[in-house]
Every structure is written in C-alpha cells, then in structure tokens.
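What follows is model-v3.cif (mmCIF, C-alpha atoms and all ligand atoms).
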data_final
#
loop_
_atom_site.label_atom_id
_atom_site.label_comp_id
_atom_site.auth_asym_id
_atom_site.auth_seq_id
_atom_site.Cartn_x
_atom_site.Cartn_y
_atom_site.Cartn_z
CA MET A 1 37.04 97.84 139.71
CA ILE A 2 40.41 99.19 140.86
CA CYS A 3 42.03 95.96 139.70
CA ALA A 4 40.42 96.35 136.29
CA LEU A 5 41.62 99.95 136.14
CA VAL A 6 45.19 98.95 137.03
CA ALA A 7 45.09 96.13 134.52
CA GLY A 8 43.87 98.60 131.93
CA LEU A 9 46.71 101.00 132.74
CA ASN A 10 49.17 98.15 132.48
CA LEU A 11 47.78 97.31 129.07
CA VAL A 12 48.19 100.92 128.01
CA ALA A 13 51.71 101.01 129.42
CA GLY A 14 52.53 97.73 127.71
CA GLY A 15 51.17 99.06 124.46
CA LEU A 16 53.21 102.24 124.80
CA GLN A 17 56.32 100.25 125.54
CA ASN A 18 55.81 98.15 122.42
CA HIS A 19 55.23 101.25 120.41
CA VAL A 20 58.37 102.92 121.76
CA HIS A 21 60.32 99.76 121.09
CA ALA A 22 59.12 99.64 117.50
CA GLN A 23 60.32 103.22 117.06
CA THR A 24 63.76 102.62 118.55
CA PRO A 25 66.45 103.33 115.96
CA ASN A 26 68.65 100.50 114.74
CA VAL A 27 70.72 98.80 117.38
CA ALA A 28 74.36 99.88 117.20
CA PRO A 29 76.26 97.50 114.90
CA THR A 30 79.00 95.24 116.24
CA SER A 31 82.56 96.35 115.48
CA GLY A 32 84.43 94.70 112.64
CA GLY A 33 87.43 94.56 114.96
CA PRO A 34 90.29 96.80 116.06
CA VAL A 35 92.03 98.89 113.41
CA ASP A 36 95.70 99.85 113.29
CA ARG A 37 96.31 103.28 114.74
CA ALA A 38 98.34 104.05 111.58
CA LEU A 39 95.21 103.73 109.42
CA LEU A 40 93.27 106.13 111.67
CA GLU A 41 96.21 108.56 111.44
CA ASP A 42 96.18 108.21 107.64
CA ILE A 43 92.46 109.07 107.44
CA ALA A 44 93.06 112.15 109.60
CA THR A 45 96.08 113.07 107.49
CA ALA A 46 94.03 112.64 104.30
CA SER A 47 91.40 115.04 105.67
CA ARG A 48 94.03 117.65 106.47
CA ILE A 49 95.80 117.17 103.10
CA LEU A 50 92.53 117.69 101.21
CA ALA A 51 91.84 120.85 103.22
CA ASP A 52 95.40 122.09 102.62
CA GLN A 53 95.07 121.45 98.88
CA GLY A 54 91.80 123.43 98.62
CA VAL A 55 89.65 120.38 97.85
CA LEU A 56 87.80 120.41 101.19
CA ASP A 57 86.89 123.57 103.09
CA ALA A 58 84.61 123.50 106.13
CA PHE A 59 82.72 120.63 104.49
CA GLY A 60 83.35 117.29 102.83
CA HIS A 61 84.76 114.02 104.12
CA VAL A 62 87.00 111.08 103.43
CA SER A 63 86.49 107.43 104.33
CA VAL A 64 88.17 104.04 104.10
CA ARG A 65 86.54 100.62 103.95
CA HIS A 66 87.08 98.69 107.20
CA PRO A 67 90.07 96.37 106.65
CA LYS A 68 88.45 93.47 108.56
CA ASN A 69 84.75 93.89 107.80
CA PRO A 70 84.03 94.98 104.19
CA GLN A 71 80.47 95.93 105.23
CA HIS A 72 81.81 98.69 107.47
CA PHE A 73 83.80 101.85 106.84
CA LEU A 74 85.78 104.39 108.81
CA MET A 75 85.22 108.15 108.72
CA SER A 76 85.47 111.15 111.00
CA ARG A 77 82.71 112.40 113.24
CA SER A 78 81.06 115.55 111.88
CA LEU A 79 83.92 118.03 111.92
CA ALA A 80 85.72 120.48 109.61
CA PRO A 81 88.28 118.34 107.71
CA ALA A 82 91.31 120.44 108.71
CA LEU A 83 90.55 119.70 112.39
CA VAL A 84 90.23 115.89 112.12
CA THR A 85 92.52 113.74 114.28
CA ALA A 86 92.80 109.96 114.61
CA ASP A 87 90.61 110.08 117.73
CA ASP A 88 87.72 111.49 115.68
CA ILE A 89 87.45 108.47 113.38
CA LEU A 90 84.31 106.34 113.80
CA GLU A 91 83.27 102.97 112.42
CA LEU A 92 79.96 102.92 110.50
CA ASP A 93 77.86 100.29 108.74
CA PHE A 94 75.96 100.50 105.45
CA ALA A 95 72.83 101.73 107.24
CA GLY A 96 74.89 104.76 108.29
CA ASP A 97 74.88 103.77 111.97
CA ALA A 98 77.99 104.14 114.12
CA VAL A 99 79.39 101.25 116.17
CA ASP A 100 80.26 103.52 119.08
CA ALA A 101 79.32 107.15 118.48
CA ARG A 102 79.60 108.04 122.21
CA GLY A 103 77.40 111.07 121.65
CA ARG A 104 79.43 112.36 118.74
CA SER A 105 77.44 113.51 115.73
CA LEU A 106 77.79 111.87 112.32
CA PHE A 107 78.12 113.49 108.91
CA LEU A 108 74.70 113.96 107.34
CA GLU A 109 76.01 112.72 103.97
CA ARG A 110 77.59 109.50 105.25
CA PHE A 111 75.17 107.65 102.92
CA ILE A 112 77.37 108.67 99.96
CA HIS A 113 80.06 106.41 101.37
CA ALA A 114 77.80 103.61 102.60
CA GLU A 115 76.02 103.12 99.29
CA ILE A 116 79.14 103.33 97.11
CA TYR A 117 80.93 100.74 99.27
CA ARG A 118 77.84 98.56 99.07
CA ARG A 119 77.67 98.73 95.27
CA ARG A 120 81.38 98.75 94.44
CA PRO A 121 83.44 96.03 96.18
CA ASP A 122 86.58 97.34 94.37
CA VAL A 123 86.33 100.74 96.08
CA MET A 124 88.43 100.93 99.25
CA ALA A 125 88.37 104.70 99.87
CA ILE A 126 86.08 107.63 99.04
CA VAL A 127 86.35 111.43 99.10
CA HIS A 128 83.27 113.66 98.93
CA SER A 129 84.05 117.31 98.30
CA HIS A 130 82.58 120.57 97.04
CA SER A 131 85.90 121.37 95.37
CA PRO A 132 85.17 124.67 93.68
CA ALA A 133 86.66 124.49 90.17
CA VAL A 134 84.74 121.27 89.49
CA ILE A 135 81.31 122.78 90.22
CA PRO A 136 80.87 124.44 86.77
CA PHE A 137 81.21 121.04 85.07
CA GLY A 138 78.23 119.72 87.03
CA VAL A 139 75.92 122.53 85.88
CA THR A 140 76.87 122.90 82.22
CA THR A 141 76.86 120.56 79.24
CA ARG A 142 80.63 120.82 78.80
CA PRO A 143 81.98 117.37 79.72
CA MET A 144 84.90 116.98 82.05
CA LEU A 145 87.86 115.67 80.03
CA ALA A 146 91.32 114.49 81.09
CA MET A 147 93.64 117.43 80.36
CA TYR A 148 96.84 115.61 81.29
CA HIS A 149 98.30 112.38 82.57
CA ASN A 150 97.84 113.17 86.27
CA ALA A 151 94.09 113.26 85.63
CA ALA A 152 94.16 110.12 83.46
CA PHE A 153 91.44 108.50 85.62
CA LEU A 154 88.95 110.99 84.10
CA ALA A 155 89.58 109.85 80.52
CA GLY A 156 86.99 107.05 80.65
CA GLY A 157 84.18 109.55 81.18
CA VAL A 158 82.78 111.48 84.14
CA PRO A 159 79.06 110.97 84.90
CA ILE A 160 76.91 113.64 86.51
CA PHE A 161 74.40 112.84 89.24
CA ASP A 162 71.37 115.12 89.19
CA ILE A 163 69.43 114.63 92.43
CA ARG A 164 66.39 116.25 90.80
CA ASP A 165 65.94 113.37 88.35
CA LYS A 166 64.57 111.03 91.01
CA PHE A 167 63.88 113.24 94.01
CA GLY A 168 62.52 116.52 92.61
CA ALA A 169 63.36 119.76 94.41
CA THR A 170 65.54 118.94 97.46
CA ASP A 171 68.14 120.70 99.61
CA MET A 172 70.68 118.92 97.30
CA LEU A 173 72.11 116.79 100.13
CA VAL A 174 72.54 113.00 100.13
CA ARG A 175 70.73 112.67 103.44
CA ASN A 176 69.51 109.05 103.22
CA GLY A 177 70.33 105.65 101.77
CA GLU A 178 67.86 106.00 98.90
CA ILE A 179 69.60 109.09 97.55
CA GLY A 180 72.96 107.45 98.21
CA ARG A 181 71.91 104.45 96.11
CA ALA A 182 70.89 106.71 93.22
CA LEU A 183 74.26 108.47 93.43
CA ALA A 184 76.12 105.14 93.46
CA GLU A 185 74.12 104.10 90.37
CA SER A 186 75.19 107.28 88.58
CA LEU A 187 78.83 106.59 89.48
CA GLY A 188 78.47 103.16 87.88
CA ASP A 189 81.89 101.62 87.29
CA LYS A 190 83.71 105.00 87.03
CA PRO A 191 86.16 106.45 89.57
CA VAL A 192 84.53 109.90 89.80
CA VAL A 193 80.98 111.28 89.72
CA LEU A 194 80.00 114.95 89.67
CA MET A 195 76.92 116.10 91.60
CA ARG A 196 74.93 118.89 89.98
CA GLY A 197 74.86 122.03 92.09
CA HIS A 198 76.74 120.33 94.91
CA GLY A 199 80.20 118.78 94.41
CA ASN A 200 81.78 115.48 93.47
CA VAL A 201 82.86 112.08 94.72
CA THR A 202 86.18 110.41 93.95
CA THR A 203 86.91 106.77 94.72
CA GLY A 204 89.96 104.56 94.62
CA PRO A 205 91.42 101.16 95.41
CA SER A 206 93.36 102.81 98.28
CA LEU A 207 93.16 105.92 100.45
CA GLN A 208 96.17 107.47 98.73
CA ILE A 209 94.66 107.00 95.28
CA ALA A 210 91.25 108.39 96.28
CA VAL A 211 93.01 111.47 97.70
CA PHE A 212 95.19 111.78 94.58
CA ARG A 213 92.09 111.67 92.39
CA ALA A 214 90.25 114.26 94.49
CA ILE A 215 93.17 116.67 94.17
CA TYR A 216 93.72 116.12 90.46
CA THR A 217 90.01 116.33 89.69
CA GLU A 218 90.15 119.86 91.09
CA VAL A 219 93.41 120.73 89.25
CA ASN A 220 92.06 119.24 86.00
CA ALA A 221 88.93 121.40 86.25
CA ARG A 222 91.06 124.55 86.50
CA LEU A 223 93.14 123.47 83.50
CA GLU A 224 90.07 122.63 81.44
CA LEU A 225 88.57 126.05 82.15
CA GLN A 226 91.82 127.54 80.84
CA ALA A 227 91.72 125.31 77.75
CA ILE A 228 88.13 126.39 77.08
CA GLY A 229 89.27 129.99 77.47
CA ILE A 230 91.92 129.58 74.77
CA GLY A 231 89.15 128.38 72.47
CA GLY A 232 88.90 125.82 69.72
CA PRO A 233 88.67 122.06 70.01
CA ILE A 234 90.26 120.33 72.99
CA THR A 235 92.38 117.24 72.34
CA ALA A 236 92.09 115.46 75.69
CA LEU A 237 93.51 112.09 76.69
CA THR A 238 91.68 109.20 75.04
CA PRO A 239 90.25 106.40 77.21
CA GLU A 240 93.12 104.14 76.08
CA GLU A 241 95.74 106.75 77.03
CA GLY A 242 93.88 107.20 80.31
CA ILE A 243 94.19 103.52 81.23
CA LYS A 244 97.92 103.48 80.46
CA ALA A 245 98.71 106.76 82.23
CA ASP A 246 96.65 105.89 85.30
CA LYS A 247 98.77 102.76 85.88
CA VAL A 248 101.79 105.04 86.27
CA ASN A 249 99.88 107.37 88.60
CA GLU A 250 99.02 104.44 90.85
CA GLN A 251 102.70 103.49 91.02
CA VAL A 252 103.96 106.96 91.98
CA VAL A 253 101.09 108.04 94.23
CA GLY A 254 103.28 107.51 97.32
CA ARG A 255 105.61 110.33 96.26
CA ALA A 256 102.73 112.81 96.07
CA TRP A 257 101.26 111.52 99.34
CA ASP A 258 104.58 112.00 101.18
CA LEU A 259 104.87 115.58 99.92
CA TRP A 260 101.26 116.50 100.79
CA LYS A 261 101.57 114.79 104.17
CA GLN A 262 104.70 116.72 105.07
CA ARG A 263 102.89 120.00 104.35
CA VAL A 264 100.26 119.21 106.99
CA GLY A 265 102.64 117.65 109.52
CA GLY A 266 100.99 114.21 109.23
CA LYS A 267 102.11 111.39 111.52
MN MN B 301 78.17 117.62 100.26
#
Spit out the file's structure as structure tokens when you get a sec.
Amino acid sequence: MICALVAGLNLVAGGLQNHVHAQTPNVAPTSGGPVDRALLEDIATASRILADQGVLDAFGHVSVRHPKNPQHFLMSRSLAPALVTADDILELDFAGDAVDARGRSLFLERFIHAEIYRRRPDVMAIVHSHSPAVIPFGVTTRPMLAMYHNAAFLAGGVPIFDIRDKFGATDMLVRNGEIGRALAESLGDKPVVLMRGHGNVTTGPSLQIAVFRAIYTEVNARLELQAIGIGGPITALTPEEGIKADKVNEQVVGRAWDLWKQRVGGK
C-alpha cells in the first residue's frame, strides 16, 4: 500500500517534471562567435549619436547583424540609448533569445530587428526610434517625400505599418515575432517604414548608413513640415534622383559619422 502510494507520488512528480520541462523557455542559442571589440564600441557609439541627434530619447534601439552568423544580431540590453556602452551589447537570435543574457533584461521590441533581419538578407543594421518630427507622417495621409539629397533614400516611397490592421487594438508595441513579421512585410524592400502612432524603423547595408538614414529621416520630416507650411505643391526628389543621390550619400557617410562620433566622445 505504501509502495503503491510512493509509486503514485513518483508518477505525479514525473508528470510534473515533464510538464515543467515542456514549459521551459527556449534553450539559450549558441554564440555565432567572438566579435571585434571595435564593432561593439561602434554600436554603443551609434546609440549615443542617435540620442545626441534627437532621434532616440529614453527609448529606441540600434542593432547590427552578427558578422559571423547571419541568423544572429547584436544589440544593447534594455537601457536608455545615451547610456549604452560596449559592455551592454548582447547577441540575440531570430526568436529574440539572448546567447548569454546573464540576468540582463532585453528590449521588449527586439522582434522588430529579428524579423527584419530574417526577411531582408541585405539589411546589416537597423534603428528603431520614436523620432518626434516623423510621427505626424504616420498618422496623416500626407506621404513622406524626399525633400533633399541627404534624404534621397526616402524618394522610392515610405510605407506605413498600422498595427491595427492585423492585430486590432493593442498597446502599439512590437512585442512578439508575429507582429515583427507583419512590420517586416510592411517594410517590404524599402529602407524605411513608419509605424502609425509609434515611430519608425530605418535600415541599411551598414551601421553607419542605418544611423545616417535615421537622422535624415528626422531632419527630412522637419523640412517637409516647413514645406507644407509654405503651401502649394511640393516638388520632391523623384525615385530616379533618389537612387543617384543616395549613391553619393553612401560614399560620404563616413564624414558625417566622424563628426557625430566626435560630439559624443566615441571610441
Ligand atoms: Mn518603440
């Protein structure tokens, strides 16, 4: 009788253990390999540049695809961008799991990055911001147009992601992979997507270009508001002009980066 009872308890315990095991979150992914300290410094510098330039405030984040494992990316632990240092950078996979979080918390909206990297093999760096001047263009029917050559990457069109289309009334945040996938679909093959009532995402073939685009998306929005204020039709850059002018931007991005970096004392 006692034996039967013990056996029964063991069964219950075994069942519980299986249940707990089934509920265990994903096993931490294996690292894609060591990364140059200089890259970690650059991600931290990018965070501080974007804060200095008024693109990021207490929120928003920047990431880079892992140079050795394209299925992984590097971004800061959850932290105000102006405070990020190289030691805060974590490696994540497309499920949004960290290789070695060591108790540090992750950004809730890391799925923005994961799902765009998954869908767009050409994208090597991503900035998500709530940069303020851009917000009006996500909530009105006035399209964002390229006002000048520095914002040439906008000339091919700027899609708007409306989270409500697929997910109804939410807290507006990209808090899982499903929402991240819908956002990446809205981005399509473009460099920038606006998010209604939230912010925007800029992408690029390098960290410097993604940062450049985040800054000039914000500047362009201010200029377009001024152009609208003057009134009358707006003669923005055409898509063809945009392609030509953006080639030049990509060549001179290092000059802007060096200037912005010096302002924040980047290493
Ligand atoms: Mn956000």
Closest pair table for chain A residues within 12 Å of ligand MN 301 (chain B), only C-alpha atoms and all ligand atoms, as JSON lines:
{"residue": "A:Leu56", "atom": "CA", "partner": "B:MN301", "partner_atom": "MN", "distance": 10.1}
{"residue": "A:Asp57", "atom": "CA", "partner": "B:MN301", "partner_atom": "MN", "distance": 10.9}
{"residue": "A:Ala58", "atom": "CA", "partner": "B:MN301", "partner_atom": "MN", "distance": 10.5}
{"residue": "A:Phe59", "atom": "CA", "partner": "B:MN301", "partner_atom": "MN", "distance": 6.9}
{"residue": "A:Gly60", "atom": "CA", "partner": "B:MN301", "partner_atom": "MN", "distance": 5.8}
{"residue": "A:His61", "atom": "CA", "partner": "B:MN301", "partner_atom": "MN", "distance": 8.4}
{"residue": "A:Val62", "atom": "CA", "partner": "B:MN301", "partner_atom": "MN", "distance": 11.4}
{"residue": "A:Phe107", "atom": "CA", "partner": "B:MN301", "partner_atom": "MN", "distance": 9.6}
{"residue": "A:Leu108", "atom": "CA", "partner": "B:MN301", "partner_atom": "MN", "distance": 8.7}
{"residue": "A:Glu109", "atom": "CA", "partner": "B:MN301", "partner_atom": "MN", "distance": 6.5}
{"residue": "A:Arg110", "atom": "CA", "partner": "B:MN301", "partner_atom": "MN", "distance": 9.5}
{"residue": "A:Phe111", "atom": "CA", "partner": "B:MN301", "partner_atom": "MN", "distance": 10.7}
{"residue": "A:Ile112", "atom": "CA", "partner": "B:MN301", "partner_atom": "MN", "distance": 9.0}
{"residue": "A:His113", "atom": "CA", "partner": "B:MN301", "partner_atom": "MN", "distance": 11.4}
{"residue": "A:Val127", "atom": "CA", "partner": "B:MN301", "partner_atom": "MN", "distance": 10.3}
{"residue": "A:His128", "atom": "CA", "partner": "B:MN301", "partner_atom": "MN", "distance": 6.6}
{"residue": "A:Ser129", "atom": "CA", "partner": "B:MN301", "partner_atom": "MN", "distance": 6.2}
{"residue": "A:His130", "atom": "CA", "partner": "B:MN301", "partner_atom": "MN", "distance": 6.2}
{"residue": "A:Ser131", "atom": "CA", "partner": "B:MN301", "partner_atom": "MN", "distance": 9.9}
{"residue": "A:Pro132", "atom": "CA", "partner": "B:MN301", "partner_atom": "MN", "distance": 11.9}
{"residue": "A:Ile135", "atom": "CA", "partner": "B:MN301", "partner_atom": "MN", "distance": 11.7}
{"residue": "A:Asp171", "atom": "CA", "partner": "B:MN301", "partner_atom": "MN", "distance": 10.5}
{"residue": "A:Met172", "atom": "CA", "partner": "B:MN301", "partner_atom": "MN", "distance": 8.2}
{"residue": "A:Leu173", "atom": "CA", "partner": "B:MN301", "partner_atom": "MN", "distance": 6.1}
{"residue": "A:Val174", "atom": "CA", "partner": "B:MN301", "partner_atom": "MN", "distance": 7.3}
{"residue": "A:Arg175", "atom": "CA", "partner": "B:MN301", "partner_atom": "MN", "distance": 9.5}
{"residue": "A:Gly180", "atom": "CA", "partner": "B:MN301", "partner_atom": "MN", "distance": 11.6}
{"residue": "A:Leu194", "atom": "CA", "partner": "B:MN301", "partner_atom": "MN", "distance": 11.1}
{"residue": "A:Met195", "atom": "CA", "partner": "B:MN301", "partner_atom": "MN", "distance": 8.9}
{"residue": "A:Arg196", "atom": "CA", "partner": "B:MN301", "partner_atom": "MN", "distance": 10.9}
{"residue": "A:Gly197", "atom": "CA", "partner": "B:MN301", "partner_atom": "MN", "distance": 9.9}
{"residue": "A:His198", "atom": "CA", "partner": "B:MN301", "partner_atom": "MN", "distance": 6.2}
{"residue": "A:Gly199", "atom": "CA", "partner": "B:MN301", "partner_atom": "MN", "distance": 6.3}
{"residue": "A:Asn200", "atom": "CA", "partner": "B:MN301", "partner_atom": "MN", "distance": 8.0}
{"residue": "A:Val201", "atom": "CA", "partner": "B:MN301", "partner_atom": "MN", "distance": 9.1}
(request) Would you mind telling me which residue in A:Val211, A:Leu183, A:Ala256, A:Ala44 lies nearest to Leu79 in chain A when using all atoms listed in the file? (result) A:Ala44
(message) Taking (104.2, 109.6, 110.1) as a centre in this file's frame and 9 Å as the limit, can you find every polymer residue with an atom that close, using only C-alpha atoms, and give them as a PyMOL selection string?
(response) chain A and resi 38+41-42+261-262+265-267
Prev. selection, C-alpha atoms, output as a short mmCIF file (atom, residue, chain, number, x, y, z; two decimals), in the frame of the given file:
data_model
loop_
_atom_site.label_atom_id
_atom_site.label_comp_id
_atom_site.auth_asym_id
_atom_site.auth_seq_id
_atom_site.Cartn_x
_atom_site.Cartn_y
_atom_site.Cartn_z
CA ALA A 38 98.34 104.05 111.58
CA GLU A 41 96.21 108.56 111.44
CA ASP A 42 96.18 108.21 107.64
CA LYS A 261 101.57 114.79 104.17
CA GLN A 262 104.70 116.72 105.07
CA GLY A 265 102.64 117.65 109.52
CA GLY A 266 100.99 114.21 109.23
CA LYS A 267 102.11 111.39 111.52
#
(request) Have a look at CA of Gln251 in chain A and CA of Thr45 in chain A and let me know their distance in Å, one decimal. (result) 20.2 Å
(request) Name all residues at most 8 Å from range 69-71 of chain A (count all atoms listed in the file; drop same-chain ones fewer than 6 positions away) and give them as number ranges by chain. (result) A: 32-33, 93-94, 117-118
Output for the residues just chosen: C-alpha atoms as an mmCIF file, in the coordinates of the input:
data_model
loop_
_atom_site.group_PDB
_atom_site.id
_atom_site.type_symbol
_atom_site.label_atom_id
_atom_site.label_comp_id
_atom_site.auth_asym_id
_atom_site.auth_seq_id
_atom_site.Cartn_x
_atom_site.Cartn_y
_atom_site.Cartn_z
ATOM 1 C CA GLY A 32 84.430 94.700 112.640
ATOM 2 C CA GLY A 33 87.430 94.560 114.960
ATOM 3 C CA ASP A 93 77.860 100.290 108.740
ATOM 4 C CA PHE A 94 75.960 100.500 105.450
ATOM 5 C CA TYR A 117 80.930 100.740 99.270
ATOM 6 C CA ARG A 118 77.840 98.560 99.070
#
(message) Counting all atoms listed in the file, which residue out of A:Leu154, A:Val64, A:Leu237, A:Ile163 sits closest to Ala114 in chain A?
(response)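 Distance minimum relative to Ala114 in chain A lands on A:Val64.
What separates CA of Val219 in chain A from CA of Leu187 in chain A is a distance of 20.3 Å.
When CA of Val123 in chain A is paired with CA of His66 in chain A, their separation reads 11.3 Å.
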(message) So that I can check the surroundings of Gln53 in chain A, please list as an NGL selection string every protein, DNA and RNA residue that reaches within 10 Å of it, counting all atoms listed in the file and ignoring chain neighbours fewer than 2 positions away.
(response) :A and (48-51 or 55-57 or 131 or 214-215 or 218-219 or 260 or 263-264)
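Minimum atom-to-atom distance to Asp258 in chain A, evaluated using all atoms listed in the file, belongs to A:Gln208 out of A:Gln208, A:Thr235, A:Thr85, A:Thr140.
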